[in-house]
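Undergrad: Take a look at data27.txt, compact mmCIF, N, CA and C atoms:
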# COMPACT_ATOMS: atom_id res chain seq x y z
N MET A 1 16.02 13.87 43.92
CA MET A 1 15.01 14.88 44.14
C MET A 1 15.63 16.26 44.30
N ASP A 2 16.84 16.47 43.84
CA ASP A 2 17.51 17.74 44.00
C ASP A 2 16.77 18.89 43.32
N ARG A 3 16.04 18.61 42.23
CA ARG A 3 15.26 19.63 41.55
C ARG A 3 13.81 19.61 42.03
N GLY A 4 13.49 18.66 42.88
CA GLY A 4 12.13 18.53 43.33
C GLY A 4 11.23 17.83 42.33
N MET A 5 11.84 17.29 41.27
CA MET A 5 11.08 16.65 40.21
C MET A 5 11.32 15.15 40.22
N ILE A 6 10.27 14.43 39.90
CA ILE A 6 10.37 12.99 39.70
C ILE A 6 10.06 12.74 38.24
N ASP A 7 10.95 12.04 37.55
CA ASP A 7 10.78 11.70 36.14
C ASP A 7 10.65 10.19 36.02
N VAL A 8 9.52 9.72 35.48
CA VAL A 8 9.34 8.28 35.29
C VAL A 8 9.18 8.00 33.80
N PRO A 9 9.85 6.97 33.31
CA PRO A 9 9.74 6.66 31.88
C PRO A 9 8.37 6.09 31.56
N SER A 10 7.89 6.39 30.38
CA SER A 10 6.61 5.86 29.92
C SER A 10 6.82 5.08 28.63
N PRO A 11 6.23 3.90 28.53
CA PRO A 11 6.35 3.13 27.29
C PRO A 11 5.35 3.60 26.23
N TYR A 12 4.56 4.61 26.55
CA TYR A 12 3.51 5.10 25.66
C TYR A 12 3.89 6.44 25.06
N SER A 13 3.18 6.86 24.03
CA SER A 13 3.39 8.18 23.45
C SER A 13 2.98 9.25 24.46
N VAL A 14 3.34 10.48 24.19
CA VAL A 14 2.95 11.58 25.08
C VAL A 14 1.43 11.66 25.21
N PRO A 15 0.67 11.71 24.10
CA PRO A 15 -0.78 11.80 24.27
C PRO A 15 -1.37 10.57 24.98
N GLU A 16 -0.90 9.38 24.65
CA GLU A 16 -1.43 8.17 25.27
C GLU A 16 -1.10 8.12 26.76
N THR A 17 0.07 8.58 27.13
CA THR A 17 0.44 8.63 28.54
C THR A 17 -0.55 9.48 29.32
N LEU A 18 -0.90 10.64 28.77
CA LEU A 18 -1.82 11.52 29.49
C LEU A 18 -3.26 11.02 29.43
N VAL A 19 -3.64 10.35 28.36
CA VAL A 19 -4.97 9.73 28.31
C VAL A 19 -5.09 8.70 29.43
N ARG A 20 -4.04 7.89 29.59
CA ARG A 20 -4.04 6.87 30.65
C ARG A 20 -4.13 7.53 32.03
N LEU A 21 -3.32 8.56 32.26
CA LEU A 21 -3.34 9.23 33.55
C LEU A 21 -4.69 9.89 33.80
N GLU A 22 -5.22 10.56 32.80
CA GLU A 22 -6.51 11.23 32.96
C GLU A 22 -7.61 10.22 33.31
N SER A 23 -7.59 9.08 32.68
CA SER A 23 -8.58 8.04 32.96
C SER A 23 -8.47 7.55 34.41
N ILE A 24 -7.25 7.31 34.85
CA ILE A 24 -7.02 6.86 36.23
C ILE A 24 -7.48 7.91 37.23
N LEU A 25 -7.17 9.17 36.96
CA LEU A 25 -7.56 10.25 37.86
C LEU A 25 -9.08 10.35 37.96
N LYS A 26 -9.74 10.31 36.81
CA LYS A 26 -11.19 10.42 36.81
C LYS A 26 -11.85 9.24 37.52
N GLU A 27 -11.28 8.03 37.35
CA GLU A 27 -11.81 6.86 38.07
C GLU A 27 -11.75 7.05 39.57
N ARG A 28 -10.75 7.78 40.03
CA ARG A 28 -10.56 8.02 41.48
C ARG A 28 -11.28 9.28 41.97
N GLY A 29 -12.01 9.93 41.09
CA GLY A 29 -12.75 11.12 41.48
C GLY A 29 -11.91 12.38 41.57
N VAL A 30 -10.73 12.35 40.96
CA VAL A 30 -9.85 13.52 40.94
C VAL A 30 -10.25 14.39 39.75
N THR A 31 -10.36 15.68 39.97
CA THR A 31 -10.74 16.61 38.92
C THR A 31 -9.56 16.88 37.98
N VAL A 32 -9.82 16.76 36.69
CA VAL A 32 -8.84 17.16 35.68
C VAL A 32 -9.28 18.54 35.21
N PHE A 33 -8.46 19.54 35.49
CA PHE A 33 -8.81 20.92 35.19
C PHE A 33 -8.47 21.31 33.76
N ALA A 34 -7.35 20.82 33.25
CA ALA A 34 -6.93 21.23 31.90
C ALA A 34 -5.81 20.35 31.39
N ARG A 35 -5.69 20.36 30.06
CA ARG A 35 -4.53 19.77 29.41
C ARG A 35 -3.96 20.87 28.51
N VAL A 36 -2.68 21.11 28.64
CA VAL A 36 -2.00 22.11 27.83
C VAL A 36 -1.06 21.39 26.88
N ASP A 37 -1.29 21.57 25.60
CA ASP A 37 -0.44 20.93 24.58
C ASP A 37 0.59 21.96 24.12
N HIS A 38 1.72 21.99 24.80
CA HIS A 38 2.77 22.97 24.51
C HIS A 38 3.29 22.84 23.08
N SER A 39 3.47 21.60 22.63
CA SER A 39 4.02 21.40 21.28
C SER A 39 3.04 21.84 20.21
N ALA A 40 1.75 21.63 20.41
CA ALA A 40 0.75 22.10 19.44
C ALA A 40 0.72 23.62 19.38
N GLU A 41 0.84 24.25 20.54
CA GLU A 41 0.86 25.71 20.58
C GLU A 41 2.13 26.26 19.91
N ALA A 42 3.23 25.57 20.10
CA ALA A 42 4.47 25.97 19.43
C ALA A 42 4.30 25.90 17.91
N GLU A 43 3.68 24.81 17.47
CA GLU A 43 3.46 24.64 16.03
C GLU A 43 2.58 25.76 15.46
N LYS A 44 1.56 26.16 16.20
CA LYS A 44 0.69 27.27 15.76
C LYS A 44 1.48 28.56 15.61
N ALA A 45 2.54 28.69 16.40
CA ALA A 45 3.38 29.90 16.34
C ALA A 45 4.51 29.75 15.32
N GLY A 46 4.51 28.63 14.57
CA GLY A 46 5.53 28.42 13.56
C GLY A 46 6.83 27.87 14.11
N LEU A 47 6.77 27.29 15.29
CA LEU A 47 7.97 26.75 15.94
C LEU A 47 7.87 25.24 16.04
N THR A 48 9.00 24.60 16.21
CA THR A 48 9.04 23.15 16.32
C THR A 48 9.45 22.77 17.74
N MET A 49 8.74 21.78 18.26
CA MET A 49 9.01 21.32 19.62
C MET A 49 8.63 19.85 19.70
N ARG A 50 9.44 19.06 20.39
CA ARG A 50 9.07 17.65 20.59
C ARG A 50 7.75 17.59 21.36
N PRO A 51 7.01 16.49 21.25
CA PRO A 51 5.73 16.37 21.96
C PRO A 51 5.88 16.66 23.45
N THR A 52 5.07 17.59 23.92
CA THR A 52 5.11 18.02 25.32
C THR A 52 3.71 18.46 25.71
N GLN A 53 3.12 17.77 26.71
CA GLN A 53 1.78 18.12 27.16
C GLN A 53 1.73 18.09 28.69
N LEU A 54 0.95 18.99 29.24
CA LEU A 54 0.82 19.15 30.68
C LEU A 54 -0.62 18.87 31.10
N LEU A 55 -0.79 18.06 32.13
CA LEU A 55 -2.11 17.79 32.70
C LEU A 55 -2.18 18.45 34.07
N ILE A 56 -3.25 19.21 34.30
CA ILE A 56 -3.44 19.92 35.56
C ILE A 56 -4.63 19.28 36.27
N PHE A 57 -4.41 18.82 37.50
CA PHE A 57 -5.43 18.03 38.19
C PHE A 57 -5.34 18.22 39.70
N GLY A 58 -6.42 17.86 40.37
CA GLY A 58 -6.38 17.94 41.83
C GLY A 58 -7.73 17.69 42.45
N SER A 59 -7.76 17.88 43.75
CA SER A 59 -8.97 17.68 44.54
C SER A 59 -9.06 18.81 45.56
N PRO A 60 -10.14 19.59 45.50
CA PRO A 60 -10.29 20.64 46.51
C PRO A 60 -10.26 20.10 47.94
N LYS A 61 -10.76 18.88 48.14
CA LYS A 61 -10.72 18.29 49.48
C LYS A 61 -9.28 18.09 49.96
N GLY A 62 -8.40 17.73 49.04
CA GLY A 62 -7.01 17.52 49.41
C GLY A 62 -6.19 18.80 49.41
N GLY A 63 -6.41 19.64 48.42
CA GLY A 63 -5.59 20.83 48.25
C GLY A 63 -5.93 21.99 49.16
N THR A 64 -7.21 22.17 49.44
CA THR A 64 -7.62 23.33 50.25
C THR A 64 -6.95 23.36 51.62
N PRO A 65 -6.91 22.24 52.36
CA PRO A 65 -6.22 22.29 53.65
C PRO A 65 -4.74 22.68 53.53
N LEU A 66 -4.12 22.29 52.44
CA LEU A 66 -2.72 22.69 52.24
C LEU A 66 -2.61 24.20 52.04
N MET A 67 -3.52 24.75 51.23
CA MET A 67 -3.48 26.19 50.95
C MET A 67 -3.87 27.01 52.17
N VAL A 68 -4.74 26.46 53.03
CA VAL A 68 -5.08 27.15 54.28
C VAL A 68 -3.86 27.18 55.19
N ALA A 69 -3.16 26.07 55.28
CA ALA A 69 -1.98 25.96 56.16
C ALA A 69 -0.79 26.75 55.62
N ALA A 70 -0.62 26.75 54.30
CA ALA A 70 0.53 27.42 53.68
C ALA A 70 0.06 28.04 52.36
N PRO A 71 -0.45 29.26 52.40
CA PRO A 71 -1.03 29.88 51.21
C PRO A 71 -0.12 29.88 49.97
N SER A 72 1.18 29.91 50.17
CA SER A 72 2.08 29.94 49.00
C SER A 72 2.02 28.67 48.17
N VAL A 73 1.53 27.55 48.74
CA VAL A 73 1.46 26.30 47.97
C VAL A 73 0.48 26.43 46.81
N ALA A 74 -0.38 27.44 46.85
CA ALA A 74 -1.32 27.65 45.75
C ALA A 74 -0.61 27.90 44.42
N ILE A 75 0.64 28.32 44.45
CA ILE A 75 1.41 28.49 43.21
C ILE A 75 1.69 27.14 42.55
N ASP A 76 1.71 26.08 43.35
CA ASP A 76 2.01 24.73 42.85
C ASP A 76 0.78 23.83 42.78
N LEU A 77 -0.36 24.34 43.20
CA LEU A 77 -1.60 23.57 43.13
C LEU A 77 -2.54 24.27 42.15
N PRO A 78 -3.35 23.55 41.43
CA PRO A 78 -3.48 22.12 41.42
C PRO A 78 -2.18 21.44 40.97
N LEU A 79 -2.13 20.15 41.21
CA LEU A 79 -0.96 19.37 40.82
C LEU A 79 -0.84 19.31 39.30
N LYS A 80 0.35 19.00 38.84
CA LYS A 80 0.62 18.93 37.40
C LYS A 80 1.46 17.70 37.08
N ALA A 81 1.21 17.14 35.91
CA ALA A 81 2.05 16.07 35.38
C ALA A 81 2.41 16.45 33.95
N LEU A 82 3.68 16.38 33.65
CA LEU A 82 4.19 16.78 32.34
C LEU A 82 4.66 15.54 31.58
N ALA A 83 4.03 15.27 30.43
CA ALA A 83 4.48 14.19 29.56
C ALA A 83 5.29 14.85 28.44
N TRP A 84 6.50 14.32 28.24
CA TRP A 84 7.38 14.94 27.25
C TRP A 84 8.27 13.89 26.61
N GLU A 85 8.72 14.20 25.42
CA GLU A 85 9.58 13.30 24.67
C GLU A 85 10.99 13.90 24.61
N ASP A 86 11.98 13.09 24.95
CA ASP A 86 13.36 13.60 24.92
C ASP A 86 13.95 13.48 23.52
N GLU A 87 15.20 13.89 23.40
CA GLU A 87 15.88 13.91 22.09
C GLU A 87 16.08 12.52 21.50
N ARG A 88 15.97 11.49 22.31
CA ARG A 88 16.11 10.11 21.83
C ARG A 88 14.76 9.46 21.52
N GLY A 89 13.69 10.21 21.69
CA GLY A 89 12.36 9.68 21.42
C GLY A 89 11.73 8.96 22.60
N ARG A 90 12.39 8.98 23.75
CA ARG A 90 11.82 8.38 24.96
C ARG A 90 10.79 9.34 25.57
N VAL A 91 9.75 8.77 26.13
CA VAL A 91 8.71 9.58 26.76
C VAL A 91 8.85 9.49 28.28
N TRP A 92 8.65 10.62 28.92
CA TRP A 92 8.77 10.73 30.37
C TRP A 92 7.51 11.37 30.93
N LEU A 93 7.19 11.03 32.16
CA LEU A 93 6.11 11.67 32.89
C LEU A 93 6.76 12.27 34.14
N SER A 94 6.71 13.58 34.23
CA SER A 94 7.40 14.29 35.32
C SER A 94 6.39 15.02 36.20
N TYR A 95 6.72 15.08 37.49
CA TYR A 95 5.85 15.78 38.43
C TYR A 95 6.67 16.23 39.63
N ASN A 96 6.10 17.18 40.37
CA ASN A 96 6.75 17.65 41.59
C ASN A 96 6.65 16.60 42.67
N ALA A 97 7.75 16.30 43.32
CA ALA A 97 7.75 15.37 44.44
C ALA A 97 6.94 15.98 45.58
N PRO A 98 6.00 15.24 46.14
CA PRO A 98 5.21 15.79 47.26
C PRO A 98 6.09 16.30 48.40
N GLU A 99 7.17 15.59 48.70
CA GLU A 99 8.09 15.99 49.77
C GLU A 99 8.75 17.34 49.44
N TYR A 100 9.04 17.55 48.18
CA TYR A 100 9.61 18.83 47.75
C TYR A 100 8.61 19.96 48.02
N LEU A 101 7.35 19.73 47.67
CA LEU A 101 6.34 20.76 47.90
C LEU A 101 6.19 21.05 49.40
N GLN A 102 6.27 20.00 50.22
CA GLN A 102 6.19 20.20 51.67
C GLN A 102 7.36 21.04 52.16
N GLN A 103 8.56 20.73 51.68
CA GLN A 103 9.75 21.49 52.08
C GLN A 103 9.69 22.92 51.56
N ARG A 104 9.25 23.07 50.32
CA ARG A 104 9.21 24.39 49.69
C ARG A 104 8.24 25.32 50.40
N HIS A 105 7.09 24.79 50.82
CA HIS A 105 6.05 25.65 51.37
C HIS A 105 5.86 25.52 52.87
N GLY A 106 6.46 24.51 53.49
CA GLY A 106 6.48 24.40 54.93
C GLY A 106 5.18 23.98 55.59
N PHE A 107 4.30 23.34 54.85
CA PHE A 107 3.10 22.83 55.53
C PHE A 107 3.49 21.61 56.35
N SER A 108 2.66 21.27 57.31
CA SER A 108 3.01 20.19 58.23
C SER A 108 3.06 18.84 57.52
N MET A 109 3.89 17.96 58.04
CA MET A 109 4.07 16.63 57.46
C MET A 109 2.76 15.83 57.44
N ASP A 110 1.87 16.09 58.40
CA ASP A 110 0.62 15.33 58.41
C ASP A 110 -0.27 15.69 57.23
N LEU A 111 -0.04 16.82 56.57
CA LEU A 111 -0.81 17.20 55.38
C LEU A 111 -0.22 16.62 54.10
N LEU A 112 0.97 16.06 54.19
CA LEU A 112 1.62 15.48 53.01
C LEU A 112 0.74 14.40 52.37
N LYS A 113 0.00 13.67 53.19
CA LYS A 113 -0.86 12.60 52.68
C LYS A 113 -1.90 13.13 51.69
N ASN A 114 -2.25 14.41 51.79
CA ASN A 114 -3.26 15.00 50.91
C ASN A 114 -2.83 15.01 49.44
N ILE A 115 -1.53 14.99 49.19
CA ILE A 115 -1.05 15.01 47.80
C ILE A 115 -0.17 13.81 47.46
N ALA A 116 0.27 13.07 48.46
CA ALA A 116 1.20 11.98 48.22
C ALA A 116 0.61 10.87 47.35
N GLY A 117 -0.69 10.68 47.39
CA GLY A 117 -1.32 9.63 46.61
C GLY A 117 -1.21 9.81 45.11
N ALA A 118 -0.97 11.03 44.68
CA ALA A 118 -0.83 11.29 43.25
C ALA A 118 0.34 10.52 42.65
N SER A 119 1.38 10.30 43.42
CA SER A 119 2.56 9.58 42.92
C SER A 119 2.19 8.18 42.45
N ALA A 120 1.38 7.47 43.23
CA ALA A 120 0.99 6.11 42.86
C ALA A 120 0.13 6.11 41.59
N LEU A 121 -0.73 7.10 41.44
CA LEU A 121 -1.59 7.19 40.26
C LEU A 121 -0.75 7.49 39.01
N ILE A 122 0.24 8.33 39.17
CA ILE A 122 1.13 8.65 38.05
C ILE A 122 1.92 7.42 37.66
N GLN A 123 2.43 6.69 38.64
CA GLN A 123 3.18 5.45 38.35
C GLN A 123 2.29 4.44 37.62
N LYS A 124 1.05 4.34 38.05
CA LYS A 124 0.12 3.40 37.43
C LYS A 124 -0.11 3.72 35.95
N ALA A 125 -0.10 4.99 35.62
CA ALA A 125 -0.33 5.42 34.23
C ALA A 125 0.74 4.95 33.26
N VAL A 126 1.93 4.67 33.76
CA VAL A 126 3.02 4.28 32.87
C VAL A 126 3.32 2.78 32.93
N GLU A 127 2.46 2.02 33.59
CA GLU A 127 2.66 0.56 33.69
C GLU A 127 2.22 -0.10 32.39
Can the structure in the file be given as C-alpha cells, please?
TA:
Amino acid sequence: MDRGMIDVPSPYSVPETLVRLESILKERGVTVFARVDHSAEAEKAGLTMRPTQLLIFGSPKGGTPLMVAAPSVAIDLPLKALAWEDERGRVWLSYNAPEYLQQRHGFSMDLLKNIAGASALIQKAVE
C-alpha cells in the first residue's frame, strides 16, 4: 500500500470488468456517476492506448460525513475504480485503499467503515 493503491487482477476484459462492478454497485444501491473511457478518448485524438476505463461511484450517505469531517477528502470522492490492461494483456482493477484515504485526509477511524465496503464489492467483480 505504499502508493495507496490496491491492484487486483481480473480474468475479464476491461469493459466486462467494469460492467460486472457497475452491476454489483447498482444492486447494492451505490450510485454510479460516470464511466470514463480513457483509451477511447485517446483514439479520438489519434493516439493509441491500451484499454483503460475509470468508474466513478459512491453514496452520499457514506461520503458526506467524511467530507464534513475532512473537507479535503472531496478531492478523492466519489470513489473510483480503474480497469486497465498492462503490456502483457493482463487486466487489473485498481482503487485507492480506504486506509490510505484515511491517512491522507485524517478523518477519524470510525468513519473508515463508510468507504471500506467498496473493497469487497470490487473484489467480487473480479471473481
Undergrad: Could you please write out, as a PyMOL selection string, every residue of segment 1-126 of chain A that DSSP assigns to strand (DSSP E or B)?
TA: chain A and resi 5-10+31-37+52-58+79-85+91-96
Undergrad: Set the distance at 6 Å and use all atoms listed in the file: which residues neighbour segment 102-118 of chain A once local chain neighbours fewer than 4 positions away are removed? I'd like the list as number ranges by chain.
TA: A: 62-63, 69-70, 72-73, 98, 122-123
Undergrad: Which residues in segment 38-119 of chain A does DSSP call alpha helix (DSSP H)? List them as a PyMOL selection string.
TA: chain A and resi 38-44+60-69+98-105+113-119
Undergrad: Counting only C-alpha atoms, which residues in segment 85-107 of chain A sit no more than 7 Å from segment 5-19 of chain A? For each one, give the nearest pair of atoms and the distance in Å, sorted by chain then residue number, as a Markdown table.
TA:
| residue | atom | partner | partner_atom | distance |
| --- | --- | --- | --- | --- |
| A:Glu85 | CA | A:Val14 | CA | 6.9 |
| A:Val91 | CA | A:Ser10 | CA | 5.3 |
| A:Trp92 | CA | A:Pro9 | CA | 4.4 |
| A:Leu93 | CA | A:Val8 | CA | 5.3 |
| A:Ser94 | CA | A:Asp7 | CA | 4.3 |
| A:Tyr95 | CA | A:Ile6 | CA | 5.5 |
| A:Asn96 | CA | A:Met5 | CA | 4.7 |
| A:Ala97 | CA | A:Met5 | CA | 5.5 |
Undergrad: Have a look at A:Ala120, A:His38, A:Met67, A:Ala125 and name the one nearest to Arg50 of chain A; count only N, CA and C atoms.
TA: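 Looking at the shortest contact to Arg50 of chain A, the residue is A:His38.
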Undergrad: To one decimal in Å, tell me the separation between atom N of Pro65 of chain A and atom C of Gln53 of chain A.
TA: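 Separation of atom N of Pro65 of chain A and atom C of Gln53 of chain A: 25.5 Å.
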Undergrad: Which is closer to Leu21 of chain A than all the others in A:Val126, A:Lys61, A:Leu101, A:Asp86, using all atoms listed in the file?
TA: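 Of the candidates, the smallest distance to Leu21 of chain A is held by A:Val126.
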Undergrad: Out of A:Gly4, A:Pro51, A:Pro71, A:Gly58, which residue has the shortest atom-to-atom distance to Trp84 of chain A when counting all atoms listed in the file?
TA: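 Selected residue with least distance to Trp84 of chain A: A:Pro51.
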Undergrad: Report, in Å with one decimal, the straight-line distance from atom CA of Arg28 of chain A to atom CA of Arg90 of chain A.
TA: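 Those two atoms sit 27.8 Å apart.
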